[in-house]
>>> print(open('protein.txt').read())   # compact mmCIF, C-alpha atoms
# COMPACT_ATOMS: atom_id res chain seq x y z
CA MET V 1 50.49 21.90 4.39
CA GLY V 2 51.38 18.42 5.63
CA SER V 3 54.27 17.33 3.41
CA ASP V 4 57.96 17.41 4.32
CA GLY V 5 58.49 20.57 2.27
CA GLY V 6 55.05 22.16 2.52
CA PRO V 7 53.76 24.55 1.47
CA GLN V 8 56.66 25.57 -0.79
CA VAL V 9 56.71 22.41 -2.93
CA GLU V 10 52.91 22.32 -3.27
CA VAL V 11 52.79 25.95 -4.41
CA ALA V 12 55.60 25.45 -6.91
CA GLY V 13 54.01 22.24 -8.23
CA ALA V 14 50.59 23.88 -8.54
CA VAL V 15 52.07 26.80 -10.48
CA GLU V 16 53.81 24.37 -12.86
CA ALA V 17 50.54 22.48 -13.34
CA LEU V 18 48.73 25.73 -14.18
CA ALA V 19 51.31 26.49 -16.86
CA ALA V 20 50.85 23.01 -18.38
CA SER V 21 47.04 22.93 -18.38
CA GLY V 22 43.80 24.87 -18.26
CA LEU V 23 42.98 23.71 -14.75
CA HIS V 24 41.59 25.72 -11.88
CA ILE V 25 43.46 24.95 -8.65
CA VAL V 26 42.51 25.70 -5.04
CA LEU V 27 45.37 25.80 -2.54
CA VAL V 28 44.03 24.97 0.91
CA GLY V 29 46.16 26.04 3.86
CA ASN V 30 47.65 28.95 5.76
CA GLU V 31 47.42 31.95 3.43
CA ALA V 32 50.21 33.82 5.22
CA GLN V 33 52.59 30.93 4.51
CA ILE V 34 51.35 30.27 0.97
CA THR V 35 51.39 33.85 -0.40
CA PRO V 36 55.18 34.45 -0.21
CA HIS V 37 55.81 31.36 -2.31
CA LEU V 38 53.23 32.51 -4.85
CA ARG V 39 54.98 35.87 -5.14
CA ALA V 40 58.17 34.03 -6.05
CA ASN V 41 56.48 32.56 -9.13
CA ALA V 42 55.52 34.58 -12.21
CA GLU V 43 52.30 32.58 -12.59
CA GLY V 44 51.36 32.96 -8.93
CA ALA V 45 48.70 35.58 -9.59
CA SER V 46 46.84 33.47 -12.14
CA GLU V 47 43.07 33.87 -12.10
CA ARG V 48 42.89 30.07 -12.16
CA LEU V 49 44.48 29.74 -8.74
CA THR V 50 42.75 30.61 -5.48
CA ILE V 51 43.52 30.14 -1.78
CA ARG V 52 41.19 28.67 0.85
CA HIS V 53 42.61 29.88 4.16
CA THR V 54 42.87 27.73 7.27
CA THR V 55 45.42 27.47 10.07
CA GLU V 56 44.82 23.90 11.21
CA VAL V 57 47.02 21.08 9.88
CA ILE V 58 46.99 17.27 10.14
CA THR V 59 50.62 16.33 10.75
CA MET V 60 52.45 13.10 9.99
CA ASP V 61 52.36 12.28 13.71
CA ASP V 62 48.58 12.59 14.08
CA ALA V 63 46.50 9.42 14.47
CA PRO V 64 44.53 9.40 11.19
CA SER V 65 40.95 8.67 12.27
CA ILE V 66 41.15 10.92 15.34
CA ALA V 67 42.69 13.80 13.40
CA VAL V 68 40.07 13.65 10.65
CA LYS V 69 37.23 13.79 13.19
CA LYS V 70 38.73 16.40 15.53
CA LYS V 71 40.61 18.65 13.10
CA LYS V 72 37.63 19.60 10.96
CA GLN V 73 39.24 22.89 9.93
CA SER V 74 42.49 21.26 8.83
CA SER V 75 43.69 21.82 5.27
CA MET V 76 43.27 18.14 4.38
CA ARG V 77 39.79 17.79 5.85
CA LEU V 78 38.61 20.96 4.09
CA CYS V 79 39.89 19.59 0.75
CA PHE V 80 37.74 16.50 1.16
CA ASP V 81 34.74 18.56 2.30
CA MET V 82 35.06 20.62 -0.88
CA ALA V 83 35.25 17.46 -2.99
CA LYS V 84 32.17 16.01 -1.31
CA ALA V 85 30.27 19.26 -1.95
CA GLY V 86 31.26 19.19 -5.62
CA GLU V 87 33.36 22.34 -5.40
CA VAL V 88 36.39 20.45 -6.73
CA ASP V 89 36.76 17.27 -8.77
CA ALA V 90 39.90 15.90 -7.15
CA VAL V 91 42.06 16.09 -4.03
CA VAL V 92 45.87 15.99 -4.20
CA SER V 93 48.00 15.86 -1.04
CA ALA V 94 51.49 14.84 0.10
CA GLY V 95 50.37 14.79 3.73
CA ASN V 96 49.55 11.97 6.14
CA SER V 97 48.49 9.04 3.90
CA GLY V 98 46.58 7.35 6.73
CA ALA V 99 44.56 10.51 7.19
CA MET V 100 43.95 10.62 3.43
CA MET V 101 42.50 7.11 3.66
CA ALA V 102 40.37 8.09 6.67
CA CYS V 103 39.07 11.19 4.88
CA GLY V 104 38.23 9.07 1.85
CA LEU V 105 36.19 6.70 4.00
CA PHE V 106 34.56 9.07 6.50
CA VAL V 107 34.06 12.17 4.33
CA LEU V 108 33.70 11.02 0.71
CA GLY V 109 32.48 7.48 1.30
CA ARG V 110 33.05 4.34 -0.76
CA LEU V 111 31.79 3.59 -4.23
CA ALA V 112 28.79 1.27 -4.34
CA GLY V 113 29.90 -2.34 -3.80
CA VAL V 114 33.46 -1.49 -2.69
CA ASP V 115 34.34 -2.79 0.78
CA ARG V 116 37.65 -0.96 1.20
CA PRO V 117 39.54 1.58 -0.93
CA ALA V 118 43.07 0.73 -2.06
CA ILE V 119 46.17 2.67 -3.03
CA ILE V 120 47.39 1.69 -6.48
CA THR V 121 50.73 2.41 -8.10
CA THR V 122 52.44 1.50 -11.37
CA PHE V 123 55.73 -0.39 -11.66
CA PRO V 124 57.80 -0.32 -14.88
CA THR V 125 58.48 -3.75 -16.40
CA ILE V 126 60.50 -5.17 -19.26
CA LYS V 127 57.35 -5.26 -21.39
CA GLY V 128 55.47 -2.18 -20.19
CA GLU V 129 53.61 -1.44 -16.97
CA CYS V 130 52.19 -3.38 -14.02
CA ALA V 131 49.64 -1.99 -11.55
CA LEU V 132 49.99 -3.02 -7.90
CA LEU V 133 47.48 -2.59 -5.10
CA ASP V 134 47.21 -2.17 -2.17
CA MET V 135 50.28 -0.07 -1.36
CA GLY V 136 49.50 0.61 2.28
CA ALA V 137 45.88 1.49 2.98
CA ASN V 138 44.74 -1.94 4.23
CA VAL V 139 47.26 -3.87 6.32
CA GLN V 140 44.98 -6.82 7.15
CA PRO V 141 42.23 -7.07 4.51
CA LYS V 142 39.68 -9.86 4.34
CA PRO V 143 39.78 -12.28 1.38
CA GLN V 144 36.82 -10.68 -0.40
CA VAL V 145 38.49 -7.27 -0.05
CA LEU V 146 41.75 -8.55 -1.53
CA ALA V 147 39.81 -10.20 -4.36
CA GLN V 148 38.07 -6.88 -5.04
CA PHE V 149 41.49 -5.27 -5.35
CA GLY V 150 42.22 -7.61 -8.23
CA VAL V 151 39.00 -6.57 -9.98
CA MET V 152 39.61 -2.86 -9.37
CA GLY V 153 43.19 -3.19 -10.58
CA ALA V 154 41.95 -4.74 -13.82
CA VAL V 155 39.64 -1.77 -14.43
CA TYR V 156 42.53 0.60 -13.80
CA ALA V 157 44.83 -1.29 -16.18
CA ARG V 158 42.18 -1.24 -18.92
CA LEU V 159 41.54 2.49 -18.67
CA GLN V 160 44.97 3.84 -17.76
CA HIS V 161 47.38 1.34 -19.32
CA LYS V 162 45.13 0.48 -22.29
CA LYS V 163 45.29 -3.28 -21.64
CA SER V 164 42.23 -4.79 -23.33
CA ARG V 165 42.22 -7.92 -21.11
CA PRO V 166 44.60 -7.41 -18.18
CA ARG V 167 46.26 -10.42 -16.59
CA VAL V 168 45.67 -10.31 -12.83
CA GLY V 169 47.91 -12.10 -10.34
CA LEU V 170 47.89 -12.57 -6.58
CA LEU V 171 51.23 -11.94 -4.84
CA SER V 172 52.55 -14.95 -2.95
CA ASN V 173 55.76 -16.72 -1.97
CA GLY V 174 55.45 -19.28 -4.75
CA SER V 175 53.31 -20.19 -7.73
CA GLU V 176 51.99 -23.46 -6.26
CA ALA V 177 48.40 -23.40 -4.97
CA HIS V 178 49.38 -24.72 -1.51
CA LYS V 179 51.80 -21.81 -0.92
CA GLY V 180 50.92 -18.50 0.71
CA THR V 181 48.89 -17.69 3.81
CA THR V 182 45.30 -18.33 4.81
CA LEU V 183 44.47 -14.92 3.32
CA THR V 184 46.08 -15.60 -0.05
CA ARG V 185 44.64 -19.12 -0.33
CA GLU V 186 41.08 -17.93 0.39
CA THR V 187 41.50 -14.97 -1.97
CA HIS V 188 42.85 -17.31 -4.66
CA ALA V 189 39.73 -19.47 -4.31
CA LEU V 190 37.51 -16.41 -4.79
CA LEU V 191 39.33 -15.10 -7.85
CA ALA V 192 39.65 -18.55 -9.42
CA GLY V 193 35.93 -19.04 -8.80
CA LEU V 194 35.13 -16.11 -11.08
CA GLY V 195 35.89 -18.40 -14.00
CA SER V 196 36.83 -16.45 -17.12
CA PRO V 197 35.15 -13.09 -16.55
CA GLU V 198 34.78 -10.44 -19.20
CA GLY V 199 37.42 -7.74 -18.80
CA PHE V 200 40.37 -9.60 -17.28
CA GLU V 201 42.14 -12.93 -16.85
CA TYR V 202 43.12 -14.28 -13.44
CA VAL V 203 46.49 -16.05 -13.73
CA GLY V 204 46.85 -17.20 -10.09
CA TYR V 205 49.82 -16.74 -7.76
CA VAL V 206 52.78 -14.63 -8.86
CA GLU V 207 56.09 -13.99 -7.12
CA GLY V 208 57.80 -10.64 -6.65
CA ARG V 209 60.24 -11.25 -9.49
CA ASP V 210 57.37 -11.91 -11.92
CA ILE V 211 56.23 -8.29 -11.62
CA PHE V 212 59.19 -6.89 -13.53
CA ARG V 213 59.16 -9.53 -16.27
CA GLY V 214 55.99 -8.00 -17.68
CA ASP V 215 54.00 -11.25 -17.83
CA VAL V 216 51.29 -9.90 -15.52
CA ASP V 217 49.44 -6.55 -15.73
CA VAL V 218 47.93 -6.32 -12.24
CA VAL V 219 49.13 -7.69 -8.90
CA ALA V 220 46.89 -7.69 -5.82
CA THR V 221 48.32 -7.89 -2.30
CA ASP V 222 47.64 -6.64 1.22
CA GLY V 223 48.73 -3.14 2.17
CA PHE V 224 51.52 -4.27 4.51
CA THR V 225 53.23 -6.45 1.91
CA GLY V 226 52.58 -3.95 -0.85
CA ASN V 227 54.12 -1.05 1.06
CA VAL V 228 57.19 -3.09 2.00
CA LEU V 229 57.57 -4.12 -1.65
CA LEU V 230 57.19 -0.52 -2.86
CA LYS V 231 59.70 0.95 -0.40
CA GLY V 232 62.11 -1.91 -1.05
CA CYS V 233 62.01 -1.33 -4.80
CA GLU V 234 62.50 2.42 -4.33
CA GLY V 235 65.55 1.67 -2.22
CA VAL V 236 66.97 -0.77 -4.78
CA VAL V 237 66.57 1.72 -7.64
CA GLU V 238 68.23 4.50 -5.63
CA ALA V 239 71.09 2.22 -4.56
CA VAL V 240 71.73 0.86 -8.07
CA PHE V 241 72.05 4.33 -9.61
CA LYS V 242 74.38 5.45 -6.81
CA MET V 243 76.51 2.30 -7.18
CA VAL V 244 76.75 2.75 -10.96
CA ARG V 245 77.81 6.37 -10.49
CA SER V 246 80.37 5.38 -7.86
CA GLU V 247 81.85 2.68 -10.09
CA VAL V 248 82.09 5.05 -13.06
CA MET V 249 83.73 7.83 -11.03
CA SER V 250 86.32 5.43 -9.61
CA SER V 251 87.17 4.00 -13.06
CA GLY V 252 89.55 5.09 -15.78
CA PRO V 253 88.91 7.56 -18.63
CA LEU V 254 87.71 4.88 -21.06
CA VAL V 255 84.90 3.76 -18.73
CA LYS V 256 83.96 7.40 -18.05
CA PHE V 257 83.78 8.08 -21.79
CA GLY V 258 81.56 5.02 -22.27
CA ALA V 259 79.30 6.20 -19.44
CA LEU V 260 79.04 9.59 -21.12
CA LEU V 261 77.80 7.90 -24.29
CA MET V 262 75.22 5.97 -22.24
CA LYS V 263 73.99 9.05 -20.37
CA PRO V 264 70.83 9.59 -22.50
CA ALA V 265 69.79 5.95 -22.05
CA LEU V 266 70.43 6.10 -18.30
CA ARG V 267 68.36 9.28 -18.05
CA ARG V 268 65.44 7.56 -19.79
CA LEU V 269 65.75 4.61 -17.42
CA LYS V 270 65.80 6.93 -14.41
CA ARG V 271 62.62 8.64 -15.64
CA LYS V 272 60.88 5.25 -15.84
CA THR V 273 61.74 4.47 -12.23
CA ASP V 274 61.19 7.95 -10.75
CA TYR V 275 57.94 8.28 -8.78
CA ALA V 276 57.93 12.01 -9.58
CA GLU V 277 57.04 11.16 -13.19
CA THR V 278 53.61 9.87 -12.12
CA GLY V 279 53.41 12.18 -9.12
CA GLY V 280 51.20 10.17 -6.82
CA ALA V 281 49.13 7.07 -6.28
CA PRO V 282 45.33 7.11 -6.70
CA LEU V 283 43.09 5.95 -3.86
CA LEU V 284 40.69 3.66 -5.71
CA GLY V 285 37.20 2.99 -4.41
CA VAL V 286 36.11 6.38 -3.02
CA SER V 287 33.54 8.67 -4.61
CA ARG V 288 35.96 11.33 -5.88
CA VAL V 289 39.45 11.32 -7.36
CA VAL V 290 42.10 11.27 -4.62
CA MET V 291 45.86 11.36 -5.29
CA ILE V 292 48.25 10.45 -2.47
CA CYS V 293 51.75 11.85 -2.98
CA HIS V 294 55.01 10.92 -1.31
CA GLY V 295 55.73 13.00 1.81
CA GLY V 296 59.08 14.00 0.32
CA SER V 297 57.64 15.00 -3.05
CA ARG V 298 59.34 17.65 -5.14
CA PRO V 299 57.41 20.27 -7.19
CA LYS V 300 57.64 18.06 -10.29
CA ALA V 301 55.84 15.23 -8.47
CA ILE V 302 53.10 17.58 -7.25
CA LYS V 303 52.64 18.97 -10.76
CA ASN V 304 52.35 15.51 -12.31
CA ALA V 305 49.97 14.33 -9.57
CA ILE V 306 47.67 17.28 -10.31
CA LEU V 307 47.75 16.56 -14.04
CA GLN V 308 47.11 12.86 -13.37
CA ALA V 309 44.16 13.78 -11.16
CA GLU V 310 42.66 15.77 -14.04
CA GLY V 311 42.97 12.74 -16.30
CA PHE V 312 41.32 10.42 -13.76
CA ALA V 313 38.47 12.87 -13.22
CA GLN V 314 37.72 12.84 -16.94
CA SER V 315 38.24 9.11 -17.58
CA GLY V 316 35.08 7.68 -16.04
CA LEU V 317 37.22 5.47 -13.80
CA ASN V 318 34.83 5.51 -10.83
CA ASP V 319 31.85 4.50 -12.95
CA ALA V 320 33.79 1.57 -14.39
CA LEU V 321 34.99 0.51 -10.92
CA THR V 322 31.43 0.51 -9.59
CA THR V 323 30.14 -1.54 -12.53
CA ASP V 324 32.80 -4.24 -12.31
CA VAL V 325 32.81 -4.61 -8.52
CA GLN V 326 29.02 -4.84 -8.36
CA ARG V 327 29.05 -7.45 -11.13
CA PHE V 328 30.42 -9.95 -8.60
CA SER V 329 28.43 -8.70 -5.59
CA SER V 330 26.98 -12.16 -4.83
CA ILE V 331 30.49 -13.57 -4.49
CA TRP V 332 31.68 -10.84 -2.12
CA ASP V 333 28.48 -11.21 -0.07
CA ALA V 334 28.90 -14.99 0.18
CA ALA V 335 32.51 -14.61 1.32
CA ALA V 336 31.56 -11.97 3.90
CA ALA V 337 28.89 -14.34 5.24
CA GLY V 338 31.53 -17.02 5.80
CA ASN V 339 30.74 -19.07 2.70
CA PRO V 340 33.86 -18.86 0.53
CA THR V 341 32.57 -21.66 -1.68
CA GLY V 342 29.89 -19.27 -2.83
CA ALA V 343 32.31 -18.15 -5.51
CA GLU V 344 32.37 -21.60 -7.10
CA ALA V 345 28.66 -22.17 -6.64
CA SER V 346 27.82 -18.97 -8.49
>>> encode(input="protein.txt", output="structure tokens")
Amino acid sequence: MGSDGGPQVEVAGAVEALAASGLHIVLVGNEAQITPHLRANAEGASERLTIRHTTEVITMDDAPSIAVKKKKQSSMRLCFDMAKAGEVDAVVSAGNSGAMMACGLFVLGRLAGVDRPAIITTFPTIKGECALLDMGANVQPKPQVLAQFGVMGAVYARLQHKKSRPRVGLLSNGSEAHKGTTLTRETHALLAGLGSPEGFEYVGYVEGRDIFRGDVDVVATDGFTGNVLLKGCEGVVEAVFKMVRSEVMSSGPLVKFGALLMKPALRRLKRKTDYAETGGAPLLGVSRVVMICHGGSRPKAIKNAILQAEGFAQSGLNDALTTDVQRFSSIWDAAAAGNPTGAEAS
């Protein structure tokens, strides 16, 4: 109910997901608003789709933590309550992302050993894929939290991107060790202090341009920087395609004919850079699968987010995250106690 186009886009996306899978889907929200959109879809009456009625909604303007605690009958809060009770295996929403984070923390709770959950997304690169986290959940994380993001990102890259030994980098303004901020330098010391752990390789500082070259598989950063990077890249992609189209339309027939020949390749490129193809970004580190979708999502994005959520629920991702984060528990504990050198001592 909380997205820019809700509940129409959610209903349409859910119906498309039903047609593409054997899932059972629960639509949580105002039944009187949901039902007309279901009637408009041939698959709307599927036995695999049910409605959980509620009239309360967490809006984009609501303060996340307050809304989660006070709006206990909101559609988003009820989704998380159902997940906690085991009634559903995953939550998908295009509503208030801050409230999604708050629900993950206050309702579901963190996985054992995880200090803070993180939003992770995938960027296309010249050589494949690169996972980035955090994309906005933690604006000012502590060094041990940021280091945990690197470990969690490596687990994600192994399971989802099939990278046997992911290369993990820490986003900074240069590759030299003296660059960065106090946060990045302390985080670098923690990750470098892990030595050569089983499961991933820490490659040190990386710059923004390194992401798209494909020489790194995971990039860890704070939520403020990550969100700015994500929105900036989305804007660049949108602008480039519009500029290409404008240049072609203002050119002669020969250029237009050449563009027509390139149309299939441009379509494939657009699919690689379209967030709707993945649908949403997982919230890593909470006890159930949570997919956070863009507020302006279209039905295709909702459909793909639902299908992605099914895959995550079956992949054993949370078990692997718990195992790897707890493997370095002494390091996180030492850093939290104000002894960053504990990483090297261990």
>>> closest_residue(input="protein.txt", among="V:Lys300, V:Arg48, V:Arg167, V:Arg271", to="Val219 (chain V)", atoms="all atoms listed in the file")
V:Arg167
>>> atom_distance(input="protein.txt", atom1="CA of Met243 (chain V)", atom2="CA of Pro124 (chain V)")
20.4 Å
>>> atom_distance(input="protein.txt", atom1="CA of Ser172 (chain V)", atom2="CA of Leu146 (chain V)")
12.6 Å
>>> atom_distance(input="protein.txt", atom1="CA of Pro143 (chain V)", atom2="CA of Gly232 (chain V)")
24.7 Å
>>> residues_around(input="protein.txt", residues="Glu198 (chain V)", least_positions_apart="3", cutoff="10 Å", atoms="all atoms listed in the file", output="CSV table (one decimal) with C-alpha atoms, in the coordinates of the input")
chain,number,residue,atom,x,y,z
V,165,ARG,CA,42.2,-7.9,-21.1
V,194,LEU,CA,35.1,-16.1,-11.1
V,195,GLY,CA,35.9,-18.4,-14.0
V,201,GLU,CA,42.1,-12.9,-16.8
V,324,ASP,CA,32.8,-4.2,-12.3
>>> build_atoms(input="protein.txt", residues="region 243-254 of chain V", atoms="all heavy atoms", output="PDB file, in the frame of the given file")
ATOM      1  N   MET V 243      75.385   3.224  -7.015  1.00  0.00           N
ATOM      2  CA  MET V 243      76.510   2.300  -7.180  1.00  0.00           C
ATOM      3  C   MET V 243      77.109   2.425  -8.580  1.00  0.00           C
ATOM      4  O   MET V 243      78.329   2.377  -8.751  1.00  0.00           O
ATOM      5  CB  MET V 243      76.058   0.873  -6.900  1.00  0.00           C
ATOM      6  CG  MET V 243      75.851   0.582  -5.419  1.00  0.00           C
ATOM      7  SD  MET V 243      75.566  -1.169  -5.054  1.00  0.00           S
ATOM      8  CE  MET V 243      73.878  -1.380  -5.619  1.00  0.00           C
ATOM      9  N   VAL V 244      76.248   2.576  -9.591  1.00  0.00           N
ATOM     10  CA  VAL V 244      76.750   2.750 -10.960  1.00  0.00           C
ATOM     11  C   VAL V 244      77.590   4.015 -11.052  1.00  0.00           C
ATOM     12  O   VAL V 244      78.691   4.027 -11.630  1.00  0.00           O
ATOM     13  CB  VAL V 244      75.575   2.808 -11.965  1.00  0.00           C
ATOM     14  CG1 VAL V 244      76.065   3.253 -13.346  1.00  0.00           C
ATOM     15  CG2 VAL V 244      74.909   1.442 -12.074  1.00  0.00           C
ATOM     16  N   ARG V 245      77.082   5.110 -10.466  1.00  0.00           N
ATOM     17  CA  ARG V 245      77.810   6.370 -10.490  1.00  0.00           C
ATOM     18  C   ARG V 245      79.157   6.235  -9.769  1.00  0.00           C
ATOM     19  O   ARG V 245      80.189   6.724 -10.251  1.00  0.00           O
ATOM     20  CB  ARG V 245      76.972   7.472  -9.833  1.00  0.00           C
ATOM     21  CG  ARG V 245      77.664   8.831  -9.808  1.00  0.00           C
ATOM     22  CD  ARG V 245      76.777   9.881  -9.151  1.00  0.00           C
ATOM     23  NE  ARG V 245      77.451  11.152  -9.057  1.00  0.00           N
ATOM     24  CZ  ARG V 245      77.532  12.036 -10.023  1.00  0.00           C
ATOM     25  NH1 ARG V 245      76.957  11.795 -11.194  1.00  0.00           N
ATOM     26  NH2 ARG V 245      78.181  13.173  -9.848  1.00  0.00           N
ATOM     27  N   SER V 246      79.145   5.560  -8.619  1.00  0.00           N
ATOM     28  CA  SER V 246      80.370   5.380  -7.860  1.00  0.00           C
ATOM     29  C   SER V 246      81.402   4.579  -8.641  1.00  0.00           C
ATOM     30  O   SER V 246      82.600   4.915  -8.664  1.00  0.00           O
ATOM     31  CB  SER V 246      80.057   4.683  -6.533  1.00  0.00           C
ATOM     32  OG  SER V 246      81.233   4.441  -5.799  1.00  0.00           O
ATOM     33  N   GLU V 247      80.938   3.502  -9.300  1.00  0.00           N
ATOM     34  CA  GLU V 247      81.850   2.680 -10.090  1.00  0.00           C
ATOM     35  C   GLU V 247      82.434   3.447 -11.261  1.00  0.00           C
ATOM     36  O   GLU V 247      83.619   3.321 -11.589  1.00  0.00           O
ATOM     37  CB  GLU V 247      81.124   1.427 -10.598  1.00  0.00           C
ATOM     38  CG  GLU V 247      80.785   0.407  -9.519  1.00  0.00           C
ATOM     39  CD  GLU V 247      82.025  -0.197  -8.886  1.00  0.00           C
ATOM     40  OE1 GLU V 247      83.037  -0.392  -9.595  1.00  0.00           O
ATOM     41  OE2 GLU V 247      81.994  -0.457  -7.675  1.00  0.00           O
ATOM     42  N   VAL V 248      81.618   4.255 -11.912  1.00  0.00           N
ATOM     43  CA  VAL V 248      82.090   5.050 -13.060  1.00  0.00           C
ATOM     44  C   VAL V 248      83.132   6.067 -12.602  1.00  0.00           C
ATOM     45  O   VAL V 248      84.193   6.224 -13.217  1.00  0.00           O
ATOM     46  CB  VAL V 248      80.907   5.756 -13.752  1.00  0.00           C
ATOM     47  CG1 VAL V 248      81.421   6.774 -14.776  1.00  0.00           C
ATOM     48  CG2 VAL V 248      80.018   4.736 -14.435  1.00  0.00           C
ATOM     49  N   MET V 249      82.831   6.768 -11.498  1.00  0.00           N
ATOM     50  CA  MET V 249      83.730   7.830 -11.030  1.00  0.00           C
ATOM     51  C   MET V 249      85.067   7.281 -10.553  1.00  0.00           C
ATOM     52  O   MET V 249      86.082   7.990 -10.590  1.00  0.00           O
ATOM     53  CB  MET V 249      83.062   8.614  -9.900  1.00  0.00           C
ATOM     54  CG  MET V 249      81.805   9.356 -10.331  1.00  0.00           C
ATOM     55  SD  MET V 249      82.060  10.459 -11.749  1.00  0.00           S
ATOM     56  CE  MET V 249      83.133  11.691 -11.009  1.00  0.00           C
ATOM     57  N   SER V 250      85.072   6.028 -10.093  1.00  0.00           N
ATOM     58  CA  SER V 250      86.320   5.430  -9.610  1.00  0.00           C
ATOM     59  C   SER V 250      87.063   4.662 -10.709  1.00  0.00           C
ATOM     60  O   SER V 250      88.076   4.015 -10.438  1.00  0.00           O
ATOM     61  CB  SER V 250      86.045   4.502  -8.427  1.00  0.00           C
ATOM     62  OG  SER V 250      85.217   3.411  -8.835  1.00  0.00           O
ATOM     63  N   SER V 251      86.570   4.724 -11.934  1.00  0.00           N
ATOM     64  CA  SER V 251      87.170   4.000 -13.060  1.00  0.00           C
ATOM     65  C   SER V 251      88.020   4.940 -13.912  1.00  0.00           C
ATOM     66  O   SER V 251      88.058   6.158 -13.698  1.00  0.00           O
ATOM     67  CB  SER V 251      86.089   3.354 -13.911  1.00  0.00           C
ATOM     68  OG  SER V 251      85.331   2.432 -13.154  1.00  0.00           O
ATOM     69  N   GLY V 252      88.672   4.341 -14.900  1.00  0.00           N
ATOM     70  CA  GLY V 252      89.550   5.090 -15.780  1.00  0.00           C
ATOM     71  C   GLY V 252      88.797   5.914 -16.818  1.00  0.00           C
ATOM     72  O   GLY V 252      87.566   5.840 -16.927  1.00  0.00           O
ATOM     73  N   PRO V 253      89.523   6.669 -17.635  1.00  0.00           N
ATOM     74  CA  PRO V 253      88.910   7.560 -18.630  1.00  0.00           C
ATOM     75  C   PRO V 253      88.071   6.832 -19.683  1.00  0.00           C
ATOM     76  O   PRO V 253      87.078   7.370 -20.173  1.00  0.00           O
ATOM     77  CB  PRO V 253      90.095   8.281 -19.264  1.00  0.00           C
ATOM     78  CG  PRO V 253      91.297   7.430 -18.925  1.00  0.00           C
ATOM     79  CD  PRO V 253      90.984   6.799 -17.622  1.00  0.00           C
ATOM     80  N   LEU V 254      88.450   5.615 -20.043  1.00  0.00           N
ATOM     81  CA  LEU V 254      87.710   4.880 -21.060  1.00  0.00           C
ATOM     82  C   LEU V 254      86.305   4.542 -20.570  1.00  0.00           C
ATOM     83  O   LEU V 254      85.314   4.693 -21.305  1.00  0.00           O
ATOM     84  CB  LEU V 254      88.465   3.601 -21.453  1.00  0.00           C
ATOM     85  CG  LEU V 254      87.894   2.821 -22.651  1.00  0.00           C
ATOM     86  CD1 LEU V 254      87.924   3.697 -23.905  1.00  0.00           C
ATOM     87  CD2 LEU V 254      88.692   1.539 -22.885  1.00  0.00           C
TER      88      LEU V 254
END
